[in-house]
>>> print(open('target.cif').read())   # mmCIF, C-alpha atoms, pLDDT in the B column; chains and numbers go by the auth columns
data_final
#
loop_
_atom_site.group_PDB
_atom_site.id
_atom_site.type_symbol
_atom_site.label_atom_id
_atom_site.label_comp_id
_atom_site.label_asym_id
_atom_site.label_seq_id
_atom_site.Cartn_x
_atom_site.Cartn_y
_atom_site.Cartn_z
_atom_site.B_iso_or_equiv
_atom_site.auth_seq_id
_atom_site.auth_asym_id
ATOM 1 C CA CYS A 1 -18.867 20.478 9.556 94.00 855 O
ATOM 2 C CA THR A 2 -18.482 22.149 12.951 96.00 856 O
ATOM 3 C CA VAL A 3 -22.004 23.410 13.734 95.00 857 O
ATOM 4 C CA LYS A 4 -24.847 22.126 11.581 94.00 858 O
ATOM 5 C CA ALA A 5 -25.122 19.547 8.793 94.00 859 O
ATOM 6 C CA ARG A 6 -26.962 20.443 5.611 92.00 860 O
ATOM 7 C CA ASP A 7 -29.283 17.508 6.352 93.00 861 O
ATOM 8 C CA SER A 8 -29.183 13.956 7.747 93.00 862 O
ATOM 9 C CA ARG A 9 -27.226 12.677 4.733 95.00 863 O
ATOM 10 C CA ASP A 10 -24.034 14.560 5.674 96.00 864 O
ATOM 11 C CA VAL A 11 -21.386 12.494 7.470 97.00 865 O
ATOM 12 C CA VAL A 12 -18.524 14.364 9.137 98.00 866 O
ATOM 13 C CA ILE A 13 -15.207 12.520 9.437 98.00 867 O
ATOM 14 C CA VAL A 14 -12.414 14.073 11.497 97.00 868 O
ATOM 15 C CA GLN A 15 -8.788 12.953 11.507 96.00 869 O
ATOM 16 C CA GLU A 16 -5.656 14.329 13.090 93.00 870 O
ATOM 17 C CA LYS A 17 -3.727 16.857 10.994 94.00 871 O
ATOM 18 C CA LEU A 18 -0.113 15.770 10.628 92.00 872 O
ATOM 19 C CA ASP A 19 2.689 18.253 10.010 91.00 873 O
ATOM 20 C CA GLY A 20 4.862 16.851 7.252 91.00 874 O
ATOM 21 C CA SER A 21 5.456 17.269 3.571 94.00 875 O
ATOM 22 C CA ASN A 22 2.426 16.503 1.407 95.00 876 O
ATOM 23 C CA VAL A 23 3.473 13.846 -1.117 98.00 877 O
ATOM 24 C CA GLY A 24 1.878 11.219 -3.316 97.00 878 O
ATOM 25 C CA VAL A 25 2.425 8.025 -5.225 98.00 879 O
ATOM 26 C CA ALA A 26 0.844 7.495 -8.644 97.00 880 O
ATOM 27 C CA ASN A 27 0.317 4.349 -10.690 97.00 881 O
ATOM 28 C CA ILE A 28 0.492 5.320 -14.354 95.00 882 O
ATOM 29 C CA GLY A 29 0.370 2.424 -16.764 96.00 883 O
ATOM 30 C CA GLY A 30 1.589 0.008 -14.103 96.00 884 O
ATOM 31 C CA VAL A 31 4.609 2.169 -13.237 97.00 885 O
ATOM 32 C CA ILE A 32 4.897 3.690 -9.748 98.00 886 O
ATOM 33 C CA TYR A 33 5.873 7.377 -9.508 98.00 887 O
ATOM 34 C CA PRO A 34 6.717 9.067 -6.167 98.00 888 O
ATOM 35 C CA LEU A 35 5.512 12.681 -6.396 98.00 889 O
ATOM 36 C CA THR A 36 5.760 15.980 -4.555 96.00 890 O
ATOM 37 C CA ARG A 37 2.566 17.851 -3.654 94.00 891 O
ATOM 38 C CA SER A 38 2.687 19.792 -6.919 92.00 892 O
ATOM 39 C CA GLY A 39 2.928 16.578 -8.955 92.00 893 O
ATOM 40 C CA TYR A 40 6.601 16.704 -9.850 96.00 894 O
ATOM 41 C CA LEU A 41 8.817 13.645 -9.521 98.00 895 O
ATOM 42 C CA ALA A 42 10.069 13.457 -5.938 98.00 896 O
ATOM 43 C CA ILE A 43 13.456 12.104 -7.039 98.00 897 O
ATOM 44 C CA GLU A 44 14.072 15.365 -8.950 97.00 898 O
ATOM 45 C CA SER A 45 13.160 17.652 -6.026 96.00 899 O
ATOM 46 C CA ASN A 46 15.639 20.170 -4.651 96.00 900 O
ATOM 47 C CA TYR A 47 14.701 18.924 -1.170 95.00 901 O
ATOM 48 C CA GLU A 48 16.489 15.911 0.254 96.00 902 O
ATOM 49 C CA GLN A 49 13.355 14.811 2.133 95.00 903 O
ATOM 50 C CA HIS A 50 11.524 14.337 -1.201 97.00 904 O
ATOM 51 C CA ARG A 51 14.398 12.370 -2.674 97.00 905 O
ATOM 52 C CA LEU A 52 14.365 10.158 0.460 97.00 906 O
ATOM 53 C CA PHE A 53 10.629 9.687 -0.049 98.00 907 O
ATOM 54 C CA ALA A 54 11.253 8.577 -3.640 98.00 908 O
ATOM 55 C CA CYS A 55 13.760 5.973 -2.448 98.00 909 O
ATOM 56 C CA TRP A 56 11.374 4.810 0.295 97.00 910 O
ATOM 57 C CA VAL A 57 8.591 4.323 -2.270 98.00 911 O
ATOM 58 C CA MET A 58 10.825 2.515 -4.769 98.00 912 O
ATOM 59 C CA ASP A 59 11.744 0.042 -2.018 98.00 913 O
ATOM 60 C CA ARG A 60 7.988 -0.662 -1.696 98.00 914 O
ATOM 61 C CA ILE A 61 6.856 -0.836 -5.320 97.00 915 O
ATOM 62 C CA ASP A 62 4.909 -4.065 -4.788 98.00 916 O
ATOM 63 C CA LEU A 63 3.028 -2.499 -1.870 98.00 917 O
ATOM 64 C CA PHE A 64 1.878 0.421 -4.005 98.00 918 O
ATOM 65 C CA LEU A 65 1.091 -1.773 -7.018 98.00 919 O
ATOM 66 C CA GLY A 66 -1.108 -3.816 -4.670 97.00 920 O
ATOM 67 C CA ILE A 67 -3.024 -0.746 -3.488 97.00 921 O
ATOM 68 C CA LEU A 68 -3.245 1.476 -6.570 97.00 922 O
ATOM 69 C CA ARG A 69 -4.952 0.716 -9.839 95.00 923 O
ATOM 70 C CA ASP A 70 -3.819 2.358 -13.057 95.00 924 O
ATOM 71 C CA GLY A 71 -4.511 6.095 -12.960 94.00 925 O
ATOM 72 C CA GLU A 72 -4.834 6.338 -9.179 95.00 926 O
ATOM 73 C CA ARG A 73 -2.654 8.177 -6.710 96.00 927 O
ATOM 74 C CA ILE A 74 -2.378 7.939 -2.956 97.00 928 O
ATOM 75 C CA CYS A 75 -1.769 11.156 -1.033 97.00 929 O
ATOM 76 C CA GLY A 76 -0.224 11.501 2.386 97.00 930 O
ATOM 77 C CA GLU A 77 2.193 13.170 4.767 96.00 931 O
ATOM 78 C CA TRP A 78 5.904 12.378 4.714 96.00 932 O
ATOM 79 C CA LEU A 79 7.184 12.898 8.261 92.00 933 O
ATOM 80 C CA ALA A 80 10.877 12.114 7.847 89.00 934 O
ATOM 81 C CA GLN A 81 11.800 15.729 8.606 87.00 935 O
ATOM 82 C CA ALA A 82 10.419 17.842 11.459 84.00 936 O
ATOM 83 C CA HIS A 83 8.752 21.053 10.278 84.00 937 O
ATOM 84 C CA GLY A 84 6.689 22.710 13.030 85.00 938 O
ATOM 85 C CA THR A 85 5.921 19.577 15.070 85.00 939 O
ATOM 86 C CA LYS A 86 8.233 16.848 16.357 84.00 940 O
ATOM 87 C CA TYR A 87 6.878 13.285 16.286 82.00 941 O
ATOM 88 C CA ASP A 88 8.128 10.162 18.014 81.00 942 O
ATOM 89 C CA PHE A 89 6.709 7.281 15.998 74.00 943 O
ATOM 90 C CA CYS A 90 8.992 4.579 17.439 75.00 944 O
ATOM 91 C CA GLY A 91 9.288 2.020 14.678 77.00 945 O
ATOM 92 C CA LEU A 92 6.432 3.261 12.480 81.00 946 O
ATOM 93 C CA GLU A 93 6.968 4.227 8.860 90.00 947 O
ATOM 94 C CA PRO A 94 7.374 7.967 8.127 92.00 948 O
ATOM 95 C CA PHE A 95 4.463 7.996 5.607 96.00 949 O
ATOM 96 C CA PHE A 96 0.801 8.385 6.604 95.00 950 O
ATOM 97 C CA ALA A 97 -1.782 8.138 3.811 97.00 951 O
ATOM 98 C CA PHE A 98 -4.940 10.248 3.917 96.00 952 O
ATOM 99 C CA ASP A 99 -6.548 9.906 0.466 96.00 953 O
ATOM 100 C CA ILE A 100 -6.700 7.999 -2.790 96.00 954 O
ATOM 101 C CA MET A 101 -7.611 10.032 -5.843 95.00 955 O
ATOM 102 C CA ILE A 102 -8.161 9.455 -9.528 93.00 956 O
ATOM 103 C CA GLU A 103 -8.288 11.952 -12.352 81.00 957 O
ATOM 104 C CA ILE A 104 -11.508 12.031 -14.321 73.00 958 O
ATOM 105 C CA PRO A 105 -11.885 14.177 -17.432 65.00 959 O
ATOM 106 C CA THR A 106 -12.601 17.502 -15.720 70.00 960 O
ATOM 107 C CA GLU A 107 -11.541 17.057 -12.084 70.00 961 O
ATOM 108 C CA SER A 108 -9.932 14.910 -9.410 75.00 962 O
ATOM 109 C CA TYR A 109 -12.144 12.397 -7.654 90.00 963 O
ATOM 110 C CA ARG A 110 -11.501 11.495 -4.015 92.00 964 O
ATOM 111 C CA PHE A 111 -12.427 8.024 -2.880 94.00 965 O
ATOM 112 C CA PRO A 112 -14.975 7.923 -0.041 95.00 966 O
ATOM 113 C CA PHE A 113 -13.326 7.434 3.355 96.00 967 O
ATOM 114 C CA GLU A 114 -14.640 3.901 3.813 96.00 968 O
ATOM 115 C CA THR A 115 -13.309 2.842 0.393 95.00 969 O
ATOM 116 C CA PHE A 116 -9.950 4.498 1.094 97.00 970 O
ATOM 117 C CA ILE A 117 -9.620 2.751 4.472 97.00 971 O
ATOM 118 C CA SER A 118 -10.542 -0.641 3.003 96.00 972 O
ATOM 119 C CA ARG A 119 -7.806 -0.248 0.366 96.00 973 O
ATOM 120 C CA VAL A 120 -5.008 0.733 2.770 97.00 974 O
ATOM 121 C CA SER A 121 -5.990 -1.083 5.975 95.00 975 O
ATOM 122 C CA GLY A 122 -3.135 -3.216 7.255 94.00 976 O
ATOM 123 C CA LYS A 123 -0.840 -1.945 4.495 96.00 977 O
ATOM 124 C CA ILE A 124 -0.194 1.753 5.113 96.00 978 O
ATOM 125 C CA GLN A 125 -0.831 3.721 8.272 94.00 979 O
ATOM 126 C CA THR A 126 -3.305 6.606 8.313 95.00 980 O
ATOM 127 C CA PRO A 127 -3.760 9.596 10.617 94.00 981 O
ATOM 128 C CA ASN A 128 -5.792 8.854 13.753 91.00 982 O
ATOM 129 C CA LEU A 129 -9.537 8.830 13.224 95.00 983 O
ATOM 130 C CA LEU A 130 -11.092 11.152 15.804 95.00 984 O
ATOM 131 C CA HIS A 131 -14.782 11.293 14.901 97.00 985 O
ATOM 132 C CA VAL A 132 -17.384 9.991 12.441 97.00 986 O
ATOM 133 C CA GLY A 133 -20.963 11.248 12.471 97.00 987 O
ATOM 134 C CA SER A 134 -22.606 14.615 12.970 97.00 988 O
ATOM 135 C CA PRO A 135 -20.831 17.988 12.990 97.00 989 O
ATOM 136 C CA ILE A 136 -18.378 18.509 15.837 98.00 990 O
ATOM 137 C CA SER A 137 -16.851 21.754 17.085 97.00 991 O
ATOM 138 C CA VAL A 138 -13.168 22.471 16.689 97.00 992 O
ATOM 139 C CA ASP A 139 -12.781 22.567 20.488 96.00 993 O
ATOM 140 C CA ARG A 140 -14.339 19.109 20.885 96.00 994 O
ATOM 141 C CA ALA A 141 -12.341 17.649 17.969 96.00 995 O
ATOM 142 C CA MET A 142 -9.086 19.087 19.328 93.00 996 O
ATOM 143 C CA GLY A 143 -9.989 17.760 22.796 92.00 997 O
ATOM 144 C CA ILE A 144 -10.412 14.251 21.390 91.00 998 O
ATOM 145 C CA HIS A 145 -7.159 14.680 19.488 88.00 999 O
ATOM 146 C CA GLU A 146 -5.295 15.684 22.671 85.00 1000 O
ATOM 147 C CA GLN A 147 -6.677 12.586 24.468 85.00 1001 O
ATOM 148 C CA LYS A 148 -5.393 10.255 21.725 76.00 1002 O
ATOM 149 C CA LYS A 149 -1.894 10.806 23.091 68.00 1003 O
ATOM 150 C CA VAL A 150 -0.333 11.332 19.681 69.00 1004 O
ATOM 151 C CA PRO A 151 3.451 10.995 20.168 74.00 1005 O
ATOM 152 C CA CYS A 152 4.402 14.591 19.410 76.00 1006 O
ATOM 153 C CA ASP A 153 5.384 17.788 21.168 78.00 1007 O
ATOM 154 C CA GLN A 154 2.011 19.453 20.442 82.00 1008 O
ATOM 155 C CA VAL A 155 -0.816 18.414 18.113 84.00 1009 O
ATOM 156 C CA GLU A 156 -1.088 20.555 14.999 89.00 1010 O
ATOM 157 C CA GLY A 157 -4.783 20.433 14.225 93.00 1011 O
ATOM 158 C CA VAL A 158 -7.587 18.435 12.647 96.00 1012 O
ATOM 159 C CA VAL A 159 -8.918 17.710 9.158 97.00 1013 O
ATOM 160 C CA TYR A 160 -12.649 17.622 8.508 97.00 1014 O
ATOM 161 C CA ARG A 161 -14.065 15.594 5.629 97.00 1015 O
ATOM 162 C CA VAL A 162 -17.764 15.861 4.779 97.00 1016 O
ATOM 163 C CA GLU A 163 -19.313 13.081 2.716 96.00 1017 O
ATOM 164 C CA ARG A 164 -22.834 12.597 1.423 95.00 1018 O
ATOM 165 C CA ASP A 165 -24.290 9.511 -0.229 93.00 1019 O
ATOM 166 C CA GLY A 166 -20.845 7.940 -0.622 89.00 1020 O
ATOM 167 C CA GLU A 167 -19.303 11.007 -2.271 92.00 1021 O
ATOM 168 C CA VAL A 168 -16.734 13.394 -0.808 93.00 1022 O
ATOM 169 C CA GLY A 169 -18.328 16.840 -0.609 91.00 1023 O
ATOM 170 C CA PHE A 170 -15.477 18.886 0.799 92.00 1024 O
ATOM 171 C CA LEU A 171 -12.497 18.953 3.133 94.00 1025 O
ATOM 172 C CA CYS A 172 -11.270 21.641 5.472 95.00 1026 O
ATOM 173 C CA LYS A 173 -8.690 21.844 8.197 95.00 1027 O
ATOM 174 C CA TYR A 174 -8.028 23.622 11.450 96.00 1028 O
ATOM 175 C CA VAL A 175 -4.462 24.421 12.518 94.00 1029 O
ATOM 176 C CA ARG A 176 -3.636 25.765 15.978 91.00 1030 O
ATOM 177 C CA PRO A 177 -3.177 29.538 15.685 93.00 1031 O
ATOM 178 C CA ASP A 178 0.035 29.395 17.769 91.00 1032 O
ATOM 179 C CA LYS A 179 1.702 26.785 15.540 88.00 1033 O
ATOM 180 C CA VAL A 180 4.933 28.060 14.002 87.00 1034 O
ATOM 181 C CA ASP A 181 5.531 26.639 10.526 86.00 1035 O
ATOM 182 C CA GLY A 182 9.080 25.464 9.916 84.00 1036 O
ATOM 183 C CA LYS A 183 10.393 26.204 13.409 86.00 1037 O
ATOM 184 C CA TYR A 184 12.465 22.989 13.280 84.00 1038 O
#
>>> encode(input="target.cif", output="structure tokens")
Amino acid sequence: CTVKARDSRDVVIVQEKLDGSNVGVANIGGVIYPLTRSGYLAIESNYEQHRLFACWVMDRIDLFLGILRDGERICGEWLAQAHGTKYDFCGLEPFFAFDIMIEIPTESYRFPFETFISRVSGKIQTPNLLHVGSPISVDRAMGIHEQKKVPCDQVEGVVYRVERDGEVGFLCKYVRPDKVDGKY
């Protein structure tokens, strides 16, 4: 994803890496469940930020029922608490979605980026899109990221997503080596 594609069918998608708490929202049988990264109910978390996320989601049940079909979950970053990066989102919601997934018998299936964007566009914000196309170096991707003027003290990194023929092949991320996790 940073140097050479396997062939012309690879598409490299790069988005900003946000520094929050990875959370999700699942639709199971028409019921919306706010979840922590590990899949536990957010409302039962020991962390106040997860319980706040659960309340935020429950205030938006119709939004999530409009996006998610039965068996699907949306994944994203909950930025209500500063971890290693401080953001100034001035009026934006504290949740940024980056994926929709569905469980199939033996694995999780990620929706292709274009499908994901079409489902959430105008409904839920997503991390900034930095690049779509051929492989791009970390230095170039971070340079684009810096130019986007993300409202934060220092950008954390980038997420690479490689798709082929409408299927997600793999994801990887780059995080600045000088970033200090949990400094706030």
>>> atom_distance(input="target.cif", atom1="atom CA of O:Asp1007", atom2="atom CA of O:Val879")
28.3 Å
>>> resolve_selection(input="target.cif", expression="the PyMOL selection byres ((chain O and resi 980-991) around 10)", output="MDAnalysis selection string")
chainID O and resid 855:872 930:931 949:953 971 974:979 992:999 1001:1002 1004 1012:1016
>>> write_last_selection(input="target.cif", atoms="C-alpha atoms", output="PDB file, in the frame of the given file")
ATOM      1  CA  CYS O 855     -18.867  20.478   9.556  1.00 94.00           C
ATOM      2  CA  THR O 856     -18.482  22.149  12.951  1.00 96.00           C
ATOM      3  CA  VAL O 857     -22.004  23.410  13.734  1.00 95.00           C
ATOM      4  CA  LYS O 858     -24.847  22.126  11.581  1.00 94.00           C
ATOM      5  CA  ALA O 859     -25.122  19.547   8.793  1.00 94.00           C
ATOM      6  CA  ARG O 860     -26.962  20.443   5.611  1.00 92.00           C
ATOM      7  CA  ASP O 861     -29.283  17.508   6.352  1.00 93.00           C
ATOM      8  CA  SER O 862     -29.183  13.956   7.747  1.00 93.00           C
ATOM      9  CA  ARG O 863     -27.226  12.677   4.733  1.00 95.00           C
ATOM     10  CA  ASP O 864     -24.034  14.560   5.674  1.00 96.00           C
ATOM     11  CA  VAL O 865     -21.386  12.494   7.470  1.00 97.00           C
ATOM     12  CA  VAL O 866     -18.524  14.364   9.137  1.00 98.00           C
ATOM     13  CA  ILE O 867     -15.207  12.520   9.437  1.00 98.00           C
ATOM     14  CA  VAL O 868     -12.414  14.073  11.497  1.00 97.00           C
ATOM     15  CA  GLN O 869      -8.788  12.953  11.507  1.00 96.00           C
ATOM     16  CA  GLU O 870      -5.656  14.329  13.090  1.00 93.00           C
ATOM     17  CA  LYS O 871      -3.727  16.857  10.994  1.00 94.00           C
ATOM     18  CA  LEU O 872      -0.113  15.770  10.628  1.00 92.00           C
ATOM     19  CA  GLY O 930      -0.224  11.501   2.386  1.00 97.00           C
ATOM     20  CA  GLU O 931       2.193  13.170   4.767  1.00 96.00           C
ATOM     21  CA  PHE O 949       4.463   7.996   5.607  1.00 96.00           C
ATOM     22  CA  PHE O 950       0.801   8.385   6.604  1.00 95.00           C
ATOM     23  CA  ALA O 951      -1.782   8.138   3.811  1.00 97.00           C
ATOM     24  CA  PHE O 952      -4.940  10.248   3.917  1.00 96.00           C
ATOM     25  CA  ASP O 953      -6.548   9.906   0.466  1.00 96.00           C
ATOM     26  CA  ILE O 971      -9.620   2.751   4.472  1.00 97.00           C
ATOM     27  CA  VAL O 974      -5.008   0.733   2.770  1.00 97.00           C
ATOM     28  CA  SER O 975      -5.990  -1.083   5.975  1.00 95.00           C
ATOM     29  CA  GLY O 976      -3.135  -3.216   7.255  1.00 94.00           C
ATOM     30  CA  LYS O 977      -0.840  -1.945   4.495  1.00 96.00           C
ATOM     31  CA  ILE O 978      -0.194   1.753   5.113  1.00 96.00           C
ATOM     32  CA  GLN O 979      -0.831   3.721   8.272  1.00 94.00           C
ATOM     33  CA  VAL O 992     -13.168  22.471  16.689  1.00 97.00           C
ATOM     34  CA  ASP O 993     -12.781  22.567  20.488  1.00 96.00           C
ATOM     35  CA  ARG O 994     -14.339  19.109  20.885  1.00 96.00           C
ATOM     36  CA  ALA O 995     -12.341  17.649  17.969  1.00 96.00           C
ATOM     37  CA  MET O 996      -9.086  19.087  19.328  1.00 93.00           C
ATOM     38  CA  GLY O 997      -9.989  17.760  22.796  1.00 92.00           C
ATOM     39  CA  ILE O 998     -10.412  14.251  21.390  1.00 91.00           C
ATOM     40  CA  HIS O 999      -7.159  14.680  19.488  1.00 88.00           C
ATOM     41  CA  GLN O1001      -6.677  12.586  24.468  1.00 85.00           C
ATOM     42  CA  LYS O1002      -5.393  10.255  21.725  1.00 76.00           C
ATOM     43  CA  VAL O1004      -0.333  11.332  19.681  1.00 69.00           C
ATOM     44  CA  VAL O1012      -7.587  18.435  12.647  1.00 96.00           C
ATOM     45  CA  VAL O1013      -8.918  17.710   9.158  1.00 97.00           C
ATOM     46  CA  TYR O1014     -12.649  17.622   8.508  1.00 97.00           C
ATOM     47  CA  ARG O1015     -14.065  15.594   5.629  1.00 97.00           C
ATOM     48  CA  VAL O1016     -17.764  15.861   4.779  1.00 97.00           C
TER      49      VAL O1016
END
>>> atom_distance(input="target.cif", atom1="atom CA of O:Gly1036", atom2="atom CA of O:Asp873")
9.6 Å
>>> residues_around(input="target.cif", residues="stretch 913-924 of chain O", least_positions_apart="2", cutoff="12 Å", atoms="only C-alpha atoms", output="ChimeraX atom specification")
/O:878-888,906-911,926-929,947,949,951,953-957,965,969-978
>>> resolve_selection(input="target.cif", expression="the PyMOL selection byres ((chain O and resi 1034) around 9)", output="list of chain:residue names")
O:His937, O:Gly938, O:Thr939, O:Pro1031, O:Asp1032, O:Lys1033, O:Asp1035, O:Gly1036, O:Lys1037
>>> atom_distance(input="target.cif", atom1="atom CA of O:Phe967", atom2="atom CA of O:Arg1018")
11.0 Å
>>> closest_residue(input="target.cif", among="O:Gly925, O:Glu968, O:Trp932, O:Glu1010", to="O:Thr890", atoms="only C-alpha atoms")
O:Trp932
>>> axis_aligned_box(input="target.cif", around="stretch 1004-1018 of chain O", padding_each_side="3 Å", output="JSON")
{"center_x": -8.7, "center_y": 15.8, "center_z": 11.3, "size_x": 34.2, "size_y": 15.6, "size_z": 25.7}
>>> decode(input="target.cif", residues="stretch 952-963 of chain O", atoms="N, CA, C and O atoms", output="PDB file, in the first residue's frame")
ATOM      1  N   PHE O 952     -15.883   4.719  10.477  1.00  0.00           N
ATOM      2  CA  PHE O 952     -14.890   4.348   9.477  1.00  0.00           C
ATOM      3  C   PHE O 952     -15.169   3.014   8.795  1.00  0.00           C
ATOM      4  O   PHE O 952     -14.466   2.634   7.869  1.00  0.00           O
ATOM      5  N   ASP O 953     -16.197   2.283   9.199  1.00  0.00           N
ATOM      6  CA  ASP O 953     -16.475   0.985   8.589  1.00  0.00           C
ATOM      7  C   ASP O 953     -17.878   0.522   8.916  1.00  0.00           C
ATOM      8  O   ASP O 953     -18.419   0.874   9.976  1.00  0.00           O
ATOM      9  N   ILE O 954     -18.445  -0.281   8.033  1.00  0.00           N
ATOM     10  CA  ILE O 954     -19.636  -1.067   8.337  1.00  0.00           C
ATOM     11  C   ILE O 954     -19.246  -2.517   8.089  1.00  0.00           C
ATOM     12  O   ILE O 954     -18.632  -2.834   7.073  1.00  0.00           O
ATOM     13  N   MET O 955     -19.595  -3.360   9.037  1.00  0.00           N
ATOM     14  CA  MET O 955     -19.239  -4.776   8.945  1.00  0.00           C
ATOM     15  C   MET O 955     -20.466  -5.638   9.176  1.00  0.00           C
ATOM     16  O   MET O 955     -21.449  -5.202   9.775  1.00  0.00           O
ATOM     17  N   ILE O 956     -20.370  -6.867   8.707  1.00  0.00           N
ATOM     18  CA  ILE O 956     -21.410  -7.859   8.956  1.00  0.00           C
ATOM     19  C   ILE O 956     -20.719  -9.195   9.210  1.00  0.00           C
ATOM     20  O   ILE O 956     -19.676  -9.482   8.620  1.00  0.00           O
ATOM     21  N   GLU O 957     -21.274  -9.946  10.128  1.00  0.00           N
ATOM     22  CA  GLU O 957     -20.719 -11.271  10.407  1.00  0.00           C
ATOM     23  C   GLU O 957     -21.272 -12.267   9.390  1.00  0.00           C
ATOM     24  O   GLU O 957     -22.469 -12.304   9.144  1.00  0.00           O
ATOM     25  N   ILE O 958     -20.389 -13.011   8.797  1.00  0.00           N
ATOM     26  CA  ILE O 958     -20.799 -14.137   7.951  1.00  0.00           C
ATOM     27  C   ILE O 958     -20.306 -15.388   8.654  1.00  0.00           C
ATOM     28  O   ILE O 958     -19.506 -15.286   9.583  1.00  0.00           O
ATOM     29  N   PRO O 959     -20.739 -16.564   8.269  1.00  0.00           N
ATOM     30  CA  PRO O 959     -20.475 -17.745   9.093  1.00  0.00           C
ATOM     31  C   PRO O 959     -19.074 -17.902   9.670  1.00  0.00           C
ATOM     32  O   PRO O 959     -18.928 -18.258  10.819  1.00  0.00           O
ATOM     33  N   THR O 960     -18.019 -17.605   8.916  1.00  0.00           N
ATOM     34  CA  THR O 960     -16.686 -17.871   9.446  1.00  0.00           C
ATOM     35  C   THR O 960     -15.838 -16.631   9.682  1.00  0.00           C
ATOM     36  O   THR O 960     -14.727 -16.730  10.168  1.00  0.00           O
ATOM     37  N   GLU O 961     -16.338 -15.436   9.332  1.00  0.00           N
ATOM     38  CA  GLU O 961     -15.518 -14.241   9.491  1.00  0.00           C
ATOM     39  C   GLU O 961     -16.368 -12.981   9.427  1.00  0.00           C
ATOM     40  O   GLU O 961     -17.550 -13.037   9.149  1.00  0.00           O
ATOM     41  N   SER O 962     -15.717 -11.848   9.691  1.00  0.00           N
ATOM     42  CA  SER O 962     -16.379 -10.553   9.536  1.00  0.00           C
ATOM     43  C   SER O 962     -16.115 -10.036   8.136  1.00  0.00           C
ATOM     44  O   SER O 962     -15.007 -10.165   7.614  1.00  0.00           O
ATOM     45  N   TYR O 963     -17.117  -9.440   7.544  1.00  0.00           N
ATOM     46  CA  TYR O 963     -17.008  -8.888   6.200  1.00  0.00           C
ATOM     47  C   TYR O 963     -17.094  -7.377   6.295  1.00  0.00           C
ATOM     48  O   TYR O 963     -18.022  -6.843   6.887  1.00  0.00           O
TER      49      TYR O 963
END
